[in-house]
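Colleague: Sharing input.cif, mmCIF, C-alpha atoms:
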```cif
data_input
#
loop_
_atom_site.label_atom_id
_atom_site.label_comp_id
_atom_site.auth_asym_id
_atom_site.auth_seq_id
_atom_site.Cartn_x
_atom_site.Cartn_y
_atom_site.Cartn_z
CA MET P 9 6.04 84.43 41.00
CA LEU P 10 7.35 82.46 43.99
CA VAL P 11 8.31 85.71 45.71
CA ALA P 12 4.84 87.14 45.04
CA LEU P 13 3.11 84.05 46.42
CA ALA P 14 5.28 84.10 49.52
CA ALA P 15 4.46 87.78 50.07
CA THR P 16 0.75 87.13 49.60
CA ALA P 17 0.83 84.18 52.03
CA SER P 18 2.68 86.29 54.58
CA SER P 19 0.09 89.04 54.21
CA TYR P 20 -2.80 86.64 54.78
CA ALA P 21 -1.00 85.11 57.77
CA GLN P 22 -0.53 88.55 59.24
CA ASP P 23 -4.21 89.31 58.67
CA TYR P 24 -5.22 86.12 60.45
CA LYS P 25 -2.96 86.97 63.37
CA THR P 26 -4.48 90.42 63.55
CA VAL P 27 -7.98 88.99 63.64
CA VAL P 28 -7.02 86.46 66.31
CA LYS P 29 -5.47 89.23 68.39
CA ALA P 30 -8.58 91.36 68.01
CA ILE P 31 -10.79 88.45 69.10
CA ALA P 32 -8.57 87.90 72.14
CA GLN P 33 -8.74 91.58 73.06
CA ASP P 34 -12.52 91.55 72.67
CA LYS P 35 -12.90 88.65 75.12
CA PRO P 36 -14.85 89.74 78.22
CA LYS P 37 -12.82 89.99 81.39
CA ALA P 38 -14.05 88.07 84.41
CA GLN P 39 -15.97 90.63 86.43
CA THR P 40 -18.36 88.37 88.32
CA GLN P 41 -17.29 85.85 90.95
CA LEU P 42 -19.54 82.82 91.26
CA MET P 43 -19.72 80.22 94.02
CA ILE P 44 -22.00 77.22 93.56
CA LEU P 45 -22.84 75.42 96.80
CA GLY P 46 -24.05 71.91 96.06
CA SER P 47 -26.37 70.46 98.68
CA SER P 48 -28.51 67.52 99.62
CA HIS P 49 -32.19 68.30 99.96
CA PHE P 50 -32.28 68.55 103.74
CA GLY P 51 -35.95 69.52 103.77
CA GLN P 52 -37.22 66.28 102.32
CA GLU P 53 -38.87 64.21 105.03
CA GLY P 54 -37.11 61.07 103.86
CA PHE P 55 -33.76 62.70 104.63
CA TYR P 56 -34.31 63.43 108.32
CA LYS P 57 -37.27 61.29 109.39
CA GLY P 58 -35.96 58.64 111.76
CA PHE P 59 -32.58 60.39 111.81
CA PRO P 60 -32.73 63.14 114.46
CA LYS P 61 -29.05 63.94 113.99
CA ALA P 62 -29.76 64.80 110.34
CA ASP P 63 -32.43 67.33 111.28
CA LEU P 64 -31.12 70.83 110.51
CA LEU P 65 -33.54 72.23 113.07
CA SER P 66 -31.87 70.31 115.91
CA GLU P 67 -29.77 72.35 118.32
CA GLN P 68 -26.47 70.86 117.18
CA ARG P 69 -27.19 71.27 113.49
CA GLN P 70 -28.43 74.83 114.03
CA GLN P 71 -25.05 75.68 115.52
CA GLU P 72 -23.41 74.19 112.46
CA VAL P 73 -25.73 76.11 110.14
CA ALA P 74 -24.79 79.31 111.98
CA GLN P 75 -21.10 78.51 111.49
CA LEU P 76 -21.65 77.84 107.80
CA THR P 77 -23.54 81.13 107.46
CA ARG P 78 -20.64 83.03 109.04
CA GLN P 79 -18.16 81.44 106.67
CA LEU P 80 -20.27 82.02 103.55
CA ALA P 81 -20.82 85.62 104.63
CA LYS P 82 -17.08 86.22 104.21
CA PHE P 83 -17.55 85.67 100.47
CA LYS P 84 -19.84 88.73 100.60
CA PRO P 85 -22.22 87.72 97.82
CA ASP P 86 -24.36 90.57 96.54
CA ILE P 87 -26.76 88.09 94.89
CA ILE P 88 -27.99 84.86 96.49
CA MET P 89 -29.86 82.43 94.26
CA ILE P 90 -31.79 79.33 95.31
CA GLU P 91 -33.46 76.30 93.75
CA THR P 92 -36.81 77.89 92.98
CA THR P 93 -38.08 78.96 89.56
CA PRO P 94 -38.61 82.54 88.36
CA GLU P 95 -42.33 81.77 88.35
CA GLU P 96 -42.07 81.24 92.11
CA GLN P 97 -40.32 84.56 92.70
CA PRO P 98 -43.37 86.41 94.13
CA ARG P 99 -43.75 83.73 96.82
CA VAL P 100 -40.00 83.80 97.50
CA ASP P 101 -40.15 87.59 97.91
CA SER P 102 -43.15 87.44 100.21
CA LEU P 103 -41.79 84.71 102.46
CA TYR P 104 -38.31 86.20 102.63
CA THR P 105 -39.74 89.60 103.59
CA LEU P 106 -41.69 87.98 106.43
CA TYR P 107 -38.57 86.15 107.57
CA LYS P 108 -36.14 89.07 107.49
CA THR P 109 -38.61 91.28 109.35
CA ASP P 110 -38.98 88.60 112.06
CA LYS P 111 -42.63 87.95 111.28
CA VAL P 112 -42.03 84.27 110.63
CA LYS P 113 -39.41 81.77 111.77
CA LEU P 114 -37.83 79.15 109.54
CA GLU P 115 -38.96 76.35 111.84
CA ASP P 116 -42.54 77.45 111.24
CA ILE P 117 -42.24 77.27 107.45
CA PRO P 118 -43.25 74.01 105.75
CA TYR P 119 -40.06 72.48 104.37
CA GLY P 120 -38.16 74.97 106.60
CA ARG P 121 -35.23 72.57 106.95
CA ALA P 122 -34.45 72.98 103.25
CA GLU P 123 -31.13 74.44 102.18
CA ARG P 124 -32.88 77.31 100.39
CA PHE P 125 -34.09 78.53 103.78
CA GLN P 126 -31.35 77.39 106.16
CA PHE P 127 -28.50 78.60 103.94
CA GLY P 128 -30.07 81.08 101.51
CA TYR P 129 -32.59 82.95 103.64
CA ARG P 130 -30.35 82.99 106.72
CA LEU P 131 -27.38 84.33 104.79
CA GLY P 132 -29.53 86.92 103.02
CA LYS P 133 -30.83 88.21 106.33
CA THR P 134 -27.30 88.25 107.79
CA LEU P 135 -26.06 90.35 104.86
CA HIS P 136 -29.18 92.57 104.84
CA HIS P 137 -30.20 91.60 101.32
CA ASN P 138 -33.53 92.90 100.12
CA ARG P 139 -34.25 89.84 97.98
CA ILE P 140 -33.31 86.22 97.36
CA PHE P 141 -33.43 85.25 93.68
CA SER P 142 -34.66 82.16 91.83
CA ALA P 143 -32.27 80.13 89.67
CA ASP P 144 -34.11 76.91 88.92
CA TYR P 145 -35.89 75.54 85.89
CA TYR P 146 -38.07 72.72 87.13
CA GLU P 147 -38.25 69.32 85.48
CA SER P 148 -39.37 66.22 87.35
CA VAL P 149 -37.34 63.57 85.52
CA SER P 150 -35.75 60.66 87.36
CA ASN P 151 -32.36 59.25 86.40
CA ARG P 152 -34.05 55.84 86.63
CA ILE P 153 -35.64 56.24 83.19
CA LEU P 154 -32.49 54.88 81.51
CA THR P 155 -32.66 51.13 82.14
CA SER P 156 -31.43 49.29 79.05
CA GLY P 157 -29.46 49.40 75.81
CA GLU P 158 -26.12 48.40 74.35
CA ASN P 159 -23.27 49.10 76.81
CA PHE P 160 -25.81 49.79 79.55
CA GLU P 161 -23.71 47.78 82.01
CA LEU P 162 -20.87 50.33 81.64
CA TYR P 163 -23.19 53.13 82.70
CA GLN P 164 -24.83 50.98 85.35
CA THR P 165 -21.52 50.06 87.01
CA ASP P 166 -20.46 53.66 87.62
CA ALA P 167 -24.01 54.69 88.52
CA ALA P 168 -24.03 51.98 91.21
CA LYS P 169 -20.67 53.17 92.53
CA PHE P 170 -21.95 56.75 92.62
CA SER P 171 -25.10 55.72 94.44
CA GLY P 172 -23.04 53.80 96.97
CA VAL P 173 -20.74 56.74 97.62
CA GLY P 174 -23.69 59.08 98.05
CA LYS P 175 -25.58 56.78 100.40
CA ALA P 176 -22.47 56.19 102.53
CA ALA P 177 -21.80 59.93 102.80
CA GLU P 178 -25.40 60.67 103.77
CA ALA P 179 -25.42 57.80 106.28
CA ARG P 180 -22.34 59.22 108.00
CA PHE P 181 -24.08 62.59 108.31
CA LYS P 182 -27.41 61.11 109.41
CA GLU P 183 -25.74 59.06 112.12
CA GLY P 184 -24.03 62.17 113.48
CA ASN P 185 -20.52 61.07 112.49
CA ALA P 186 -19.94 64.08 110.24
CA THR P 187 -20.55 67.77 110.73
CA LEU P 188 -22.56 69.80 108.25
CA LYS P 189 -19.36 71.45 107.08
CA GLU P 190 -17.61 68.12 106.55
CA PHE P 191 -20.56 66.74 104.62
CA LEU P 192 -20.90 69.78 102.36
CA LEU P 193 -17.16 69.94 101.70
CA PHE P 194 -17.24 66.28 100.68
CA ILE P 195 -20.11 66.56 98.19
CA ASN P 196 -18.56 69.77 96.80
CA ASP P 197 -15.07 68.29 96.50
CA PRO P 198 -13.87 68.67 92.87
CA THR P 199 -13.18 64.93 92.62
CA VAL P 200 -16.70 64.06 93.77
CA LEU P 201 -18.23 66.67 91.46
CA ASP P 202 -16.25 65.31 88.51
CA PHE P 203 -17.44 61.80 89.39
CA THR P 204 -21.03 63.06 89.46
CA TYR P 205 -20.59 64.71 86.08
CA ARG P 206 -19.06 61.60 84.54
CA VAL P 207 -21.90 59.40 85.73
CA MET P 208 -24.64 61.78 84.62
CA PHE P 209 -23.25 63.44 81.51
CA VAL P 210 -20.44 61.33 80.06
CA ASN P 211 -21.03 57.60 80.50
CA PRO P 212 -24.67 57.55 79.31
CA ALA P 213 -23.55 58.51 75.78
CA ARG P 214 -22.10 55.01 75.48
CA VAL P 215 -25.59 53.52 75.75
CA LYS P 216 -27.35 53.00 72.40
CA ASN P 217 -30.39 51.22 71.00
CA GLY P 218 -32.55 51.26 74.11
CA THR P 219 -35.73 52.78 75.48
CA PHE P 220 -36.77 54.92 78.43
CA THR P 221 -38.80 53.37 81.24
CA ASN P 222 -41.83 55.39 82.33
CA PRO P 223 -40.55 58.84 81.30
CA PRO P 224 -42.87 61.65 82.48
CA ALA P 225 -44.87 62.68 79.41
CA ARG P 226 -44.95 66.29 80.58
CA TYR P 227 -41.18 66.59 80.29
CA VAL P 228 -40.14 63.90 77.81
CA ASP P 229 -41.81 63.74 74.41
CA THR P 230 -41.03 60.16 73.41
CA ALA P 231 -42.18 60.85 69.85
CA TYR P 232 -38.94 62.76 69.35
CA VAL P 233 -36.62 60.43 71.26
CA ASN P 234 -34.13 58.67 68.98
CA LYS P 235 -33.81 55.20 70.50
CA GLN P 236 -30.59 54.57 68.62
CA TYR P 237 -28.99 57.33 70.72
CA ILE P 238 -30.94 56.69 73.91
CA GLY P 239 -28.01 57.57 76.18
CA ALA P 240 -27.37 60.86 74.43
CA GLU P 241 -31.09 61.61 74.61
CA TYR P 242 -30.91 60.95 78.36
CA ILE P 243 -28.04 63.39 78.76
CA SER P 244 -29.82 66.06 76.74
CA ILE P 245 -32.87 66.00 79.01
CA PHE P 246 -30.84 66.82 82.11
CA HIS P 247 -28.41 69.11 80.32
CA GLU P 248 -31.27 71.22 78.96
CA ARG P 249 -32.43 71.95 82.49
CA ASP P 250 -28.96 73.08 83.56
CA LEU P 251 -28.63 75.29 80.49
CA LYS P 252 -31.84 77.04 81.50
CA ILE P 253 -30.60 77.39 85.08
CA TYR P 254 -27.40 78.89 83.66
CA SER P 255 -29.54 81.32 81.66
CA ASN P 256 -31.46 82.32 84.80
CA ILE P 257 -28.21 83.03 86.63
CA VAL P 258 -26.56 85.13 83.93
CA THR P 259 -29.70 87.13 83.12
CA THR P 260 -30.24 87.86 86.82
CA GLN P 261 -26.66 89.09 87.02
CA LEU P 262 -27.18 91.35 84.01
CA ARG P 263 -30.33 92.81 85.51
CA GLU P 264 -29.07 93.19 89.09
CA LYS P 265 -25.44 94.07 88.21
CA GLY P 266 -24.11 91.68 90.84
CA GLN P 267 -20.38 91.05 91.15
CA ARG P 268 -20.36 88.18 93.64
CA ILE P 269 -23.04 85.51 93.27
CA LEU P 270 -23.79 82.53 95.52
CA VAL P 271 -25.97 79.82 93.98
CA ILE P 272 -27.39 77.13 96.29
CA MET P 273 -28.55 74.07 94.35
CA GLY P 274 -28.72 70.30 94.51
CA GLN P 275 -25.32 68.63 94.25
CA ARG P 276 -25.88 67.38 90.70
CA HIS P 277 -26.29 70.95 89.48
CA ALA P 278 -23.07 71.90 91.27
CA ALA P 279 -21.35 69.26 89.14
CA THR P 280 -22.81 70.51 85.86
CA LEU P 281 -23.03 74.29 86.08
CA PRO P 282 -19.27 74.86 86.50
CA LYS P 283 -18.73 73.09 83.16
CA LEU P 284 -20.85 75.83 81.60
CA PHE P 285 -19.40 78.75 83.52
CA VAL P 286 -15.80 77.69 82.93
CA ASN P 287 -16.45 78.57 79.28
CA ASP P 288 -18.04 81.92 80.14
CA PRO P 289 -15.16 84.42 80.37
CA ALA P 290 -17.34 86.94 82.21
CA TYR P 291 -17.30 84.70 85.29
CA LYS P 292 -14.69 83.45 87.71
CA LEU P 293 -15.58 80.32 89.66
CA VAL P 294 -14.87 80.37 93.38
CA PRO P 295 -14.67 76.95 95.12
CA VAL P 296 -16.73 76.41 98.25
CA SER P 297 -13.57 75.33 100.07
CA ALA P 298 -12.12 78.84 99.67
CA TYR P 299 -14.49 80.06 102.39
CA VAL P 300 -15.93 76.99 104.10
CA LYS P 301 -12.99 75.65 106.06
#
```
Please express what this file holds, its structure, as structure tokens.

Modeller:
Amino acid sequence: MLVALAATASSYAQDYKTVVKAIAQDKPKAQTQLMILGSSHFGQEGFYKGFPKADLLSEQRQQEVAQLTRQLAKFKPDIIMIETTPEEQPRVDSLYTLYKTDKVKLEDIPYGRAERFQFGYRLGKTLHHNRIFSADYYESVSNRILTSGENFELYQTDAAKFSGVGKAAEARFKEGNATLKEFLLFINDPTVLDFTYRVMFVNPARVKNGTFTNPPARYVDTAYVNKQYIGAEYISIFHERDLKIYSNIVTTQLREKGQRILVIMGQRHAATLPKLFVNDPAYKLVPVSAYVK
């Protein structure tokens, strides 16, 4: 009987190993390279107003934008995606067509300093792309809605540090003490991105038994918010948006059959999206620093 049991156990073990091997062999191979360029929102008036050296339309910054475009072009993306929603795609198509056919200039476009135009449209035109694609899922929710709860001070401490780092980095750029390349490499540095992720998507889970302050009713249904897990609820609001952005990226790739994708988004998304794509075996993440040097 002992011999029979041992043989049976060995058979099951072999079966398990066979299944595991089959699962491993069925795993998709990384076919698509993905670069996520995190950015500040250069088009917002509050970013450049009163700071002429932060204006991407200034002569010096335009030279730096041109240099950045040349470096990103070496990645040779066949899909460029920007922070607009699929619902906005017709307007994106129309405006990009006018731009690439020289019927409109970026400086004449409202919000023309924005990274979607200065980096996305310019690079698309340089590479002769027919279209620029939308990646975003829009939700107007401020990170200021989480203001109290048990262990809130733990979240607040790192959030304050993060805010200080961000403001200091932007001040250096606005005062003309950092080039565009230096600024973008800093906010896309893996250490800075990990810090961003920890502040936004790790530490808040420690906050319990609290409430949100003035959450936008359109995006946050407080009837379904569990106050006991207020920090986790906070994370889920922002994480849901990034999951939908992830969905927009992968479905665009499936439709367009792209092999090299550049996504240009706000820095917070650049901290979150790689955490999703690192678990998607069909994609290989390419750091910004591999081409922007």

Colleague: Looking at P:Tyr291, P:Glu123, P:Thr187, P:Arg130, which one is nearest to P:Gly46, with distances taken over all atoms listed in the file?

Modeller: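 Of all the options, P:Glu123 lies closest to P:Gly46.
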
Colleague: Using only C-alpha atoms, which protein or nucleic acid residues come within 7 Å of P:Leu65? Drop anything in the same chain fewer than 4 positions from it, and give the result as a list in words.

Modeller: Arg69, Gln70, Glu115 and Arg121 of chain P

Colleague: Those same residues - C-alpha atoms - I'd like them written as a PDB file, keeping the file's coordinate frame.

Modeller:
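Result file out.pdb:
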```
ATOM      1  CA  ARG P  69     -27.190  71.270 113.490  1.00  0.00           C
ATOM      2  CA  GLN P  70     -28.430  74.830 114.030  1.00  0.00           C
ATOM      3  CA  GLU P 115     -38.960  76.350 111.840  1.00  0.00           C
ATOM      4  CA  ARG P 121     -35.230  72.570 106.950  1.00  0.00           C
TER       5      ARG P 121
END
```

Colleague: Applying the PyMOL selection byres ((chain P and resi 166) around 10) to the file I just gave you, which residues come out? Please list them as a VMD selection string.

Modeller: chain P and resid 161 to 165 167 to 172 203 to 204 206 to 208 211

Colleague: How about saving the chosen residues, C-alpha atoms kept, as a PDB file, in the coordinates of the input?

Modeller:
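Result written to again11.pdb:
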```pdb
ATOM      1  CA  GLU P 161     -23.710  47.780  82.010  1.00  0.00           C
ATOM      2  CA  LEU P 162     -20.870  50.330  81.640  1.00  0.00           C
ATOM      3  CA  TYR P 163     -23.190  53.130  82.700  1.00  0.00           C
ATOM      4  CA  GLN P 164     -24.830  50.980  85.350  1.00  0.00           C
ATOM      5  CA  THR P 165     -21.520  50.060  87.010  1.00  0.00           C
ATOM      6  CA  ALA P 167     -24.010  54.690  88.520  1.00  0.00           C
ATOM      7  CA  ALA P 168     -24.030  51.980  91.210  1.00  0.00           C
ATOM      8  CA  LYS P 169     -20.670  53.170  92.530  1.00  0.00           C
ATOM      9  CA  PHE P 170     -21.950  56.750  92.620  1.00  0.00           C
ATOM     10  CA  SER P 171     -25.100  55.720  94.440  1.00  0.00           C
ATOM     11  CA  GLY P 172     -23.040  53.800  96.970  1.00  0.00           C
ATOM     12  CA  PHE P 203     -17.440  61.800  89.390  1.00  0.00           C
ATOM     13  CA  THR P 204     -21.030  63.060  89.460  1.00  0.00           C
ATOM     14  CA  ARG P 206     -19.060  61.600  84.540  1.00  0.00           C
ATOM     15  CA  VAL P 207     -21.900  59.400  85.730  1.00  0.00           C
ATOM     16  CA  MET P 208     -24.640  61.780  84.620  1.00  0.00           C
ATOM     17  CA  ASN P 211     -21.030  57.600  80.500  1.00  0.00           C
TER      18      ASN P 211
END
```

Colleague: Need to verify the contact set: stretch 238-240 of chain P, 8 Å, all atoms listed in the file, exclusion of same-chain residues closer than 5 positions in sequence. Can you return it as a list in words?

Modeller: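 Near stretch 238-240 of chain P, the qualifying residues are Leu154, Gly157, Pro212, Ala213, Arg214, Val215, Lys216, Asn217, Gly218, Thr219, Phe220 and Val233 of chain P.
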
Colleague: Can you measure atom CA of P:Gln126 to atom CA of P:Glu72 for me? One decimal in Å is fine.

Modeller: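 Taking atom CA of P:Gln126 and atom CA of P:Glu72, their separation equals 10.6 Å.
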
Colleague: Evaluating the PyMOL selection byres ((chain P and resi 78) around 12) on the displayed file yields which residues, as a list of chain:residue names?

Modeller: P:Gln71, P:Glu72, P:Val73, P:Ala74, P:Gln75, P:Leu76, P:Thr77, P:Gln79, P:Leu80, P:Ala81, P:Lys82, P:Phe83, P:Lys84, P:Phe127, P:Arg130, P:Leu131, P:Gly132, P:Lys133, P:Thr134, P:Leu135, P:Lys189, P:Tyr299, P:Val300, P:Lys301

Colleague: Can you translate the PyMOL selection byres ((chain P and resi 191) around 10) into the concrete residues it hits in this file, as a ChimeraX atom specification?

Modeller: /P:47-48,177-178,180-181,185-190,192-197

Colleague: Using only C-alpha atoms, determine which residues lie at most 12 Å from P:Asp229, disregarding the query and same-chain residues fewer than 3 positions distant; provide the list as a PyMOL selection string.

Modeller: chain P and resi 149+220+222-226+232-234+241-242+245

Colleague: Give me the residues of stretch 170-262 of chain P that have any atom at most 12 Å from an atom of stretch 94-114 of chain P; for each, the nearest atom pair and the distance in Å, rounded to one decimal. Use only C-alpha atoms, sort by chain and number, and format it as a tab-separated table.

Modeller:
```
residue	atom	partner	partner_atom	distance
P:Lys252	CA	P:Pro94	CA	11.1
P:Ile253	CA	P:Pro94	CA	10.1
P:Ser255	CA	P:Pro94	CA	11.3
P:Asn256	CA	P:Pro94	CA	8.0
P:Ile257	CA	P:Pro94	CA	10.6
P:Thr259	CA	P:Pro94	CA	11.3
P:Thr260	CA	P:Pro94	CA	10.0
```
